[in-house]
$ cat upload27.txt   # compact mmCIF, C-alpha atoms (C1' of nucleotides)
# COMPACT_ATOMS: atom_id res chain seq x y z
CA MET W 442 158.27 136.38 242.30
CA ILE W 443 155.82 138.61 240.52
CA LEU W 444 154.78 141.79 242.25
CA PRO W 445 151.48 143.49 241.48
CA LYS W 446 151.63 146.98 240.12
CA LEU W 447 151.06 149.45 242.90
CA GLU W 448 147.76 150.55 241.45
CA GLU W 449 146.38 147.05 241.77
CA VAL W 450 146.64 146.66 245.51
CA ALA W 451 144.15 148.31 247.80
CA PRO W 452 145.15 151.89 248.47
CA ARG W 453 146.65 152.51 251.93
CA ARG W 454 147.76 155.57 253.77
CA PRO W 455 151.53 155.59 254.09
CA GLY W 456 152.57 154.37 257.53
CA GLU W 457 149.36 152.41 257.90
CA ARG W 458 150.90 149.29 256.50
CA CYS W 459 148.42 146.60 255.66
CA CYS W 460 149.13 143.26 254.08
CA ASP W 461 152.10 142.88 256.37
CA PRO W 462 154.05 140.01 254.85
CA ASP W 463 155.22 138.58 258.17
CA ALA W 464 151.85 138.64 259.91
CA ILE W 465 151.77 134.91 259.42
CA PRO W 466 150.99 132.27 262.04
CA SER W 467 153.94 130.11 262.99
CA MET W 468 151.54 127.31 263.83
CA SER W 469 149.59 125.50 261.13
CA LEU W 470 145.96 124.64 261.60
CA ALA W 471 147.03 121.07 262.26
CA GLU W 472 149.32 122.23 265.07
CA THR W 473 146.70 124.46 266.63
CA GLY W 474 144.29 121.54 266.38
CA LEU W 475 146.58 119.37 268.49
CA ALA W 476 147.25 122.20 270.89
CA THR W 477 143.59 122.97 271.43
CA ALA W 478 142.84 119.28 271.96
CA ASP W 479 145.48 119.23 274.69
CA LEU W 480 144.00 122.30 276.32
CA GLU W 481 140.38 121.21 275.96
CA ILE W 482 140.84 117.98 277.86
CA LEU W 483 141.95 120.03 280.87
CA ALA W 484 139.47 122.84 280.37
CA HIS W 485 136.60 121.44 282.36
CA PRO W 486 136.04 121.73 286.12
CA VAL W 487 135.08 118.10 286.61
CA ARG W 488 138.02 116.75 284.64
CA MET W 489 140.34 119.13 286.41
CA GLN W 490 139.14 117.99 289.82
CA LEU W 491 139.38 114.36 288.77
CA LEU W 492 142.97 114.84 287.68
CA ASP W 493 143.66 116.84 290.80
CA VAL W 494 142.49 114.02 293.05
CA LEU W 495 144.17 111.29 291.04
CA ALA W 496 147.45 113.13 290.65
CA ARG W 497 147.85 113.61 294.40
CA LYS W 498 147.35 109.95 295.22
CA GLU W 499 150.20 107.54 294.78
CA GLY W 500 148.02 104.57 293.86
CA SER W 501 144.58 104.06 292.44
CA VAL W 502 141.35 105.67 293.57
CA CYS W 503 137.98 103.96 293.63
CA VAL W 504 135.27 105.47 291.45
CA CYS W 505 132.98 105.63 294.45
CA ASP W 506 135.45 108.01 296.11
CA LEU W 507 135.66 110.12 292.98
CA GLU W 508 131.89 110.34 292.88
CA ALA W 509 131.80 111.41 296.49
CA ALA W 510 134.37 114.11 295.85
CA LEU W 511 132.62 115.72 292.91
CA PRO W 512 129.42 117.75 292.55
CA VAL W 513 127.97 115.75 289.66
CA LYS W 514 126.05 112.51 289.31
CA GLN W 515 127.55 109.11 288.68
CA PRO W 516 127.00 108.94 284.89
CA THR W 517 128.73 112.28 284.52
CA VAL W 518 131.74 111.10 286.49
CA SER W 519 131.88 107.98 284.35
CA HIS W 520 131.64 110.10 281.22
CA HIS W 521 134.57 112.34 282.13
CA LEU W 522 136.67 109.40 283.29
CA LYS W 523 136.13 107.89 279.88
CA LEU W 524 137.27 111.08 278.15
CA LEU W 525 140.40 111.22 280.29
CA ARG W 526 141.13 107.59 279.57
CA LYS W 527 140.62 108.07 275.83
CA ALA W 528 143.08 110.96 276.05
CA GLY W 529 145.55 108.55 277.62
CA LEU W 530 145.88 110.53 280.82
CA ILE W 531 144.51 107.91 283.19
CA GLN W 532 144.24 104.14 283.37
CA SER W 533 141.62 101.97 284.94
CA GLU W 534 141.48 98.61 286.54
CA ARG W 535 138.65 96.55 287.90
CA ARG W 536 138.77 94.74 291.22
CA GLY W 537 135.57 92.86 291.72
CA LEU W 538 132.67 95.25 291.72
CA TYR W 539 134.86 98.31 292.05
CA ALA W 540 136.76 100.25 289.43
CA TYR W 541 139.99 102.01 290.27
CA TYR W 542 141.62 104.80 288.34
CA ARG W 543 145.14 106.17 288.45
CA VAL W 544 147.05 108.76 286.46
CA ASP W 545 149.32 107.71 283.65
CA ARG W 546 152.27 109.67 284.93
CA PRO W 547 154.35 109.71 281.72
CA ALA W 548 151.32 110.76 279.68
CA LEU W 549 150.44 113.54 282.10
CA ASP W 550 154.04 114.76 282.13
CA ALA W 551 154.11 114.70 278.34
CA LEU W 552 150.92 116.75 278.19
CA ARG W 553 152.43 119.26 280.57
CA GLY W 554 155.50 119.47 278.39
CA ARG W 555 153.48 120.08 275.25
CA ILE W 556 151.40 122.80 276.86
CA ASP W 557 154.55 124.43 278.19
CA ARG W 558 155.83 124.49 274.64
CA TYR W 559 152.65 126.05 273.29
CA LEU W 560 152.82 128.76 275.91
CA ALA W 561 156.49 129.34 275.20
CA LYS W 562 155.51 130.44 271.69
CA PHE W 563 153.76 133.40 273.21
CA GLY W 564 156.59 134.30 275.55
CA MET F 1056 132.62 115.12 315.03
CA ILE F 1057 129.98 112.44 314.91
CA LEU F 1058 130.88 109.19 313.21
CA PRO F 1059 128.25 106.83 311.87
CA LYS F 1060 128.09 103.38 313.37
CA LEU F 1061 129.95 100.93 311.19
CA GLU F 1062 126.80 99.12 310.22
CA GLU F 1063 125.40 102.28 308.72
CA VAL F 1064 128.01 102.79 306.03
CA ALA F 1065 127.88 100.79 302.83
CA PRO F 1066 129.54 97.40 303.29
CA ARG F 1067 132.98 97.03 301.65
CA ARG F 1068 135.36 94.16 301.20
CA PRO F 1069 138.44 94.64 303.38
CA GLY F 1070 141.36 95.95 301.34
CA GLU F 1071 139.03 97.47 298.79
CA ARG F 1072 138.92 100.76 300.58
CA CYS F 1073 136.17 103.06 299.52
CA CYS F 1074 135.28 106.41 301.01
CA ASP F 1075 138.95 107.29 301.09
CA PRO F 1076 139.12 110.35 303.34
CA ASP F 1077 141.90 112.05 301.40
CA ALA F 1078 140.44 111.58 297.96
CA ILE F 1079 139.52 115.23 298.06
CA PRO F 1080 140.20 117.86 295.41
CA SER F 1081 142.76 120.45 296.43
CA MET F 1082 141.03 122.90 294.11
CA SER F 1083 137.58 124.26 294.86
CA LEU F 1084 135.00 124.61 292.15
CA ALA F 1085 135.71 128.32 292.14
CA GLU F 1086 139.38 127.67 291.48
CA THR F 1087 138.72 125.16 288.74
CA GLY F 1088 136.31 127.67 287.24
CA LEU F 1089 139.06 130.26 286.96
CA ALA F 1090 141.50 127.68 285.66
CA THR F 1091 139.17 126.43 282.97
CA ALA F 1092 138.40 129.98 281.89
CA ASP F 1093 142.13 130.56 281.46
CA LEU F 1094 142.48 127.40 279.41
CA GLU F 1095 139.34 127.94 277.35
CA ILE F 1096 140.42 131.29 276.01
CA LEU F 1097 143.47 129.59 274.48
CA ALA F 1098 141.67 126.43 273.44
CA HIS F 1099 140.54 127.52 270.02
CA PRO F 1100 142.53 127.34 266.77
CA VAL F 1101 141.58 130.81 265.59
CA ARG F 1102 142.38 132.47 268.92
CA MET F 1103 145.62 130.56 269.14
CA GLN F 1104 146.69 131.69 265.69
CA LEU F 1105 145.68 135.26 266.48
CA LEU F 1106 147.78 135.26 269.63
CA ASP F 1107 150.58 133.53 267.75
CA VAL F 1108 150.69 136.27 265.12
CA LEU F 1109 150.31 139.10 267.60
CA ALA F 1110 152.83 137.73 270.08
CA ARG F 1111 155.56 137.50 267.43
CA LYS F 1112 155.18 141.09 266.32
CA GLU F 1113 156.70 143.86 268.32
CA GLY F 1114 154.02 146.43 267.54
CA SER F 1115 150.42 146.39 266.42
CA VAL F 1116 148.93 144.40 263.58
CA CYS F 1117 146.16 145.61 261.33
CA VAL F 1118 142.94 143.60 261.37
CA CYS F 1119 143.13 143.28 257.61
CA ASP F 1120 146.38 141.39 258.01
CA LEU F 1121 144.88 139.15 260.65
CA GLU F 1122 141.98 138.39 258.37
CA ALA F 1123 144.35 137.53 255.56
CA ALA F 1124 146.31 135.18 257.83
CA LEU F 1125 143.36 133.18 259.07
CA PRO F 1126 141.00 130.69 257.40
CA VAL F 1127 137.77 132.31 258.62
CA LYS F 1128 135.63 135.23 257.51
CA GLN F 1129 135.87 138.77 258.81
CA PRO F 1130 133.03 138.64 261.37
CA THR F 1131 134.60 135.57 262.89
CA VAL F 1132 137.96 137.25 263.24
CA SER F 1133 136.25 140.23 264.82
CA HIS F 1134 134.40 137.94 267.21
CA HIS F 1135 137.53 136.21 268.47
CA LEU F 1136 139.43 139.46 268.75
CA LYS F 1137 136.63 140.70 270.96
CA LEU F 1138 136.88 137.63 273.18
CA LEU F 1139 140.64 138.04 273.52
CA ARG F 1140 140.20 141.69 274.35
CA LYS F 1141 137.53 140.94 276.94
CA ALA F 1142 139.95 138.45 278.46
CA GLY F 1143 142.47 141.28 278.70
CA LEU F 1144 145.04 139.54 276.54
CA ILE F 1145 145.11 142.07 273.71
CA GLN F 1146 144.47 145.75 273.23
CA SER F 1147 143.14 147.62 270.23
CA GLU F 1148 143.54 151.03 268.76
CA ARG F 1149 141.95 152.71 265.80
CA ARG F 1150 143.88 154.70 263.22
CA GLY F 1151 141.52 156.11 260.69
CA LEU F 1152 139.64 153.33 258.99
CA TYR F 1153 141.94 150.66 260.28
CA ALA F 1154 142.04 148.88 263.60
CA TYR F 1155 145.28 147.63 265.10
CA TYR F 1156 145.73 145.01 267.76
CA ARG F 1157 148.67 144.15 269.96
CA VAL F 1158 149.23 141.77 272.81
CA ASP F 1159 149.04 142.99 276.37
CA ARG F 1160 152.38 141.54 277.35
CA PRO F 1161 151.93 141.62 281.15
CA ALA F 1162 148.49 140.03 280.87
CA LEU F 1163 149.76 137.30 278.58
CA ASP F 1164 152.69 136.61 280.89
CA ALA F 1165 150.33 136.47 283.86
CA LEU F 1166 148.12 133.98 282.05
CA ARG F 1167 151.14 131.85 281.30
CA GLY F 1168 152.12 131.96 284.95
CA ARG F 1169 148.68 130.91 286.12
CA ILE F 1170 148.52 128.01 283.71
CA ASP F 1171 151.99 126.92 284.75
CA ARG F 1172 150.74 126.87 288.31
CA TYR F 1173 147.68 124.81 287.45
CA LEU F 1174 149.86 122.30 285.65
CA ALA F 1175 152.29 122.21 288.55
CA LYS F 1176 149.49 120.81 290.70
CA PHE F 1177 149.52 117.68 288.58
CA GLY F 1178 153.29 117.31 288.65
C1' DA P 1300 126.62 165.21 249.89
C1' DT P 1301 127.83 160.81 247.90
C1' DA P 1302 130.25 156.78 247.32
C1' DG P 1303 133.46 153.60 249.03
C1' DT P 1304 136.15 151.03 252.59
C1' DA P 1305 137.39 148.73 257.17
C1' DT P 1306 135.66 146.96 261.15
C1' DA P 1307 131.96 145.86 264.49
C1' DT P 1308 127.56 144.05 265.54
C1' DT P 1309 123.30 141.53 264.97
C1' DG P 1310 120.68 137.63 264.18
C1' DA P 1311 120.09 133.10 262.67
C1' DC P 1312 121.66 128.58 262.09
C1' DG P 1313 124.09 124.35 262.85
C1' DT P 1314 126.85 121.53 265.82
C1' DG P 1315 128.74 119.49 269.62
C1' DA P 1316 129.33 119.30 274.73
C1' DA P 1317 127.46 118.46 279.34
C1' DT P 1318 124.24 116.43 282.26
C1' DC P 1319 121.32 112.96 284.01
C1' DA P 1320 117.39 109.40 284.30
C1' DA P 1321 116.90 105.07 282.85
C1' DT P 1322 118.84 100.95 281.64
C1' DA P 1323 122.43 97.57 280.79
C1' DT P 1324 126.37 95.03 282.34
C1' DA P 1325 129.16 92.60 285.38
C1' DC P 1326 130.20 91.10 289.63
C1' DC P 1327 129.33 89.39 294.56
C1' DC P 1328 126.81 86.81 297.87
C1' DT P 1329 123.43 83.58 299.82
C1' DA J 1210 119.14 80.84 290.52
C1' DG J 1211 118.05 85.28 292.45
C1' DG J 1212 118.72 89.72 294.68
C1' DG J 1213 121.81 93.46 295.49
C1' DT J 1214 125.66 96.65 294.25
C1' DA J 1215 129.16 99.36 291.40
C1' DT J 1216 130.08 101.07 287.14
C1' DA J 1217 129.19 101.75 282.18
C1' DT J 1218 126.24 102.96 278.48
C1' DT J 1219 122.22 104.80 276.13
C1' DG J 1220 119.17 108.22 274.90
C1' DA J 1221 117.06 112.53 275.53
C1' DT J 1222 117.45 117.23 276.65
C1' DT J 1223 119.47 121.54 277.19
C1' DC J 1224 122.62 124.92 276.17
C1' DA J 1225 126.79 127.29 274.88
C1' DC J 1226 129.85 128.00 271.10
C1' DG J 1227 131.38 128.93 266.39
C1' DT J 1228 130.37 130.67 261.92
C1' DC J 1229 128.74 133.78 258.63
C1' DA J 1230 125.39 136.75 255.78
C1' DA J 1231 123.48 140.88 256.39
C1' DT J 1232 123.63 145.14 258.35
C1' DA J 1233 125.34 148.97 261.08
C1' DT J 1234 128.97 152.17 262.17
C1' DA J 1235 132.57 155.20 261.41
C1' DC J 1236 135.81 156.97 258.74
C1' DT J 1237 137.98 158.69 253.96
C1' DA J 1238 137.90 160.78 249.63
C1' DT J 1239 135.98 163.07 245.75
$ encode --input "upload27.txt" --output "structure tokens"
Amino acid sequence: MILPKLEEVAPRRPGERCCDPDAIPSMSLAETGLATADLEILAHPVRMQLLDVLARKEGSVCVCDLEAALPVKQPTVSHHLKLLRKAGLIQSERRGLYAYYRVDRPALDALRGRIDRYLAKFG
Amino acid sequence: MILPKLEEVAPRRPGERCCDPDAIPSMSLAETGLATADLEILAHPVRMQLLDVLARKEGSVCVCDLEAALPVKQPTVSHHLKLLRKAGLIQSERRGLYAYYRVDRPALDALRGRIDRYLAKFG
DNA sequence: ATAGTATATTGACGTGAATCAATATACCCT
DNA sequence: AGGGTATATTGATTCACGTCAATATACTAT
């Protein structure tokens, strides 16, 4: 390992250490990318309320009930349900005209576990 | 409590229950607003790496070291540090030309606790 | 004073998210 | 077939966020 001559680094007052060699993230950009994706899917009031309602019910919930429970219009509900489904957190099923959604319990538990692990890095 | 006559509600097939009375969020919009604010502050790669670096160090870290550790320019680092400080998660101190940041340990622990509690609602 | 450095702020730009009206799709019923 | 309903999709709009060049600020050193 080649060290620069002292004159070549920016001058610092002694005790005001800059260029601290272990001020290095333990998480790569790829890791923080996954972590932020996990957090982002939860970080919206509508999605949080949707998950809240779905997670408390044992079985499936009709979209019409989800619409009634939330302060946004039907296309917006549909939009956020789609995002949650793409994230693997919920599953859907059609019965006739109606669509029913339920949580994917293992996926939701896994998400919780990952977020717990991200937070543990700061503890 | 006044109930509508049965003929006045939208017709449903029996067994395809809609208007489920307990499909109701347990979290108000105000609560989900606080929760999403807590999640949003973490849900960015640069802020997560900043917290990662700061949380691992016992003392303060010079901004110049934070800049060196992250893949963004100086104004961007400054911007995210400001957001984290406004959120109460970090504190800053100036020593001469240099600025030093450190985590606010109680605030970070409190944030972790709140997020744990939000996640517990889905468990 | 003058020059130089570290950090903060401003202002502008690009990008993506959120929302919803309008429309499409798929299903039921007569 | 035709009309009605529930949900999904499209397209347009708005708006907040992230980034950075340029500049300001505040300090150091000569």
$ atom_distance --input "upload27.txt" --atom1 "CA of Tyr541 (chain W)" --atom2 "CA of Val504 (chain W)"
6.0 Å
$ residues_around --input "upload27.txt" --residues "Arg1149 (chain F)" --least-positions-apart "4" --cutoff "12 Å" --atoms "only C-alpha atoms (C1' of nucleotides)" --output "ChimeraX atom specification"
/W:457 /F:1115-1118,1153-1157 /P:1305-1306 /J:1235-1236
$ write_last_selection --input "upload27.txt" --atoms "C-alpha atoms (C1' of nucleotides)" --output "JSON list (two decimals), in the coordinates of the input"
[["chain", "number", "residue", "atom", "x", "y", "z"],
["W", 457, "GLU", "CA", 149.36, 152.41, 257.90],
["F", 1115, "SER", "CA", 150.42, 146.39, 266.42],
["F", 1116, "VAL", "CA", 148.93, 144.40, 263.58],
["F", 1117, "CYS", "CA", 146.16, 145.61, 261.33],
["F", 1118, "VAL", "CA", 142.94, 143.60, 261.37],
["F", 1153, "TYR", "CA", 141.94, 150.66, 260.28],
["F", 1154, "ALA", "CA", 142.04, 148.88, 263.60],
["F", 1155, "TYR", "CA", 145.28, 147.63, 265.10],
["F", 1156, "TYR", "CA", 145.73, 145.01, 267.76],
["F", 1157, "ARG", "CA", 148.67, 144.15, 269.96],
["P", 1305, "DA", "C1'", 137.39, 148.73, 257.17],
["P", 1306, "DT", "C1'", 135.66, 146.96, 261.15],
["J", 1235, "DA", "C1'", 132.57, 155.20, 261.41],
["J", 1236, "DC", "C1'", 135.81, 156.97, 258.74]]
$ interface_residues --input "upload27.txt" --of "chain J" --to "chain W" --cutoff "12 Å" --atoms "only C-alpha atoms (C1' of nucleotides)" --output "NGL selection string"
:J and (1213-1219 or 1237-1238)
$ axis_aligned_box --input "upload27.txt" --around "region 486-504 of chain W" --padding-each-side "5 Å" --output "AutoDock Vina command-line options"
--center_x 142.6 --center_y 112.8 --center_z 289.9 --size_x 25.1 --size_y 27.8 --size_z 20.6
$ closest_residue --input "upload27.txt" --among "P:DT1314, P:DT1308, P:DT1329, P:DT1322" --to "chain F" --atoms "all atoms listed in the file"
P:DT1308
$ residues_near_point --input "upload27.txt" --point "(153.3, 129.8, 272.4)" --cutoff "12 Å" --atoms "all atoms listed in the file" --output "NGL selection string"
(:W and (466-468 or 472-473 or 476-477 or 555-564)) or (:F and (1097 or 1102-1111 or 1163-1164 or 1166-1167))
$ atom_distance --input "upload27.txt" --atom1 "CA of Ala1098 (chain F)" --atom2 "CA of His485 (chain W)"
11.4 Å
$ atom_distance --input "upload27.txt" --atom1 "CA of Ala478 (chain W)" --atom2 "C1' of DG1313 (chain P)"
21.5 Å
$ interface_residues --input "upload27.txt" --of "chain P" --to "chain W" --cutoff "12 Å" --atoms "only C-alpha atoms (C1' of nucleotides)" --output "MDAnalysis selection string"
chainID P and resid 1303:1305 1316:1322 1324:1328
$ residues_around --input "upload27.txt" --residues "Asp461 (chain W)" --least-positions-apart "3" --cutoff "10 Å" --atoms "only C-alpha atoms (C1' of nucleotides)" --output "list in words"
Arg458, Ala464 and Ile465 of chain W; Val1116, Cys1117, Cys1119, Asp1120, Leu1121, Ala1123 and Ala1124 of chain F
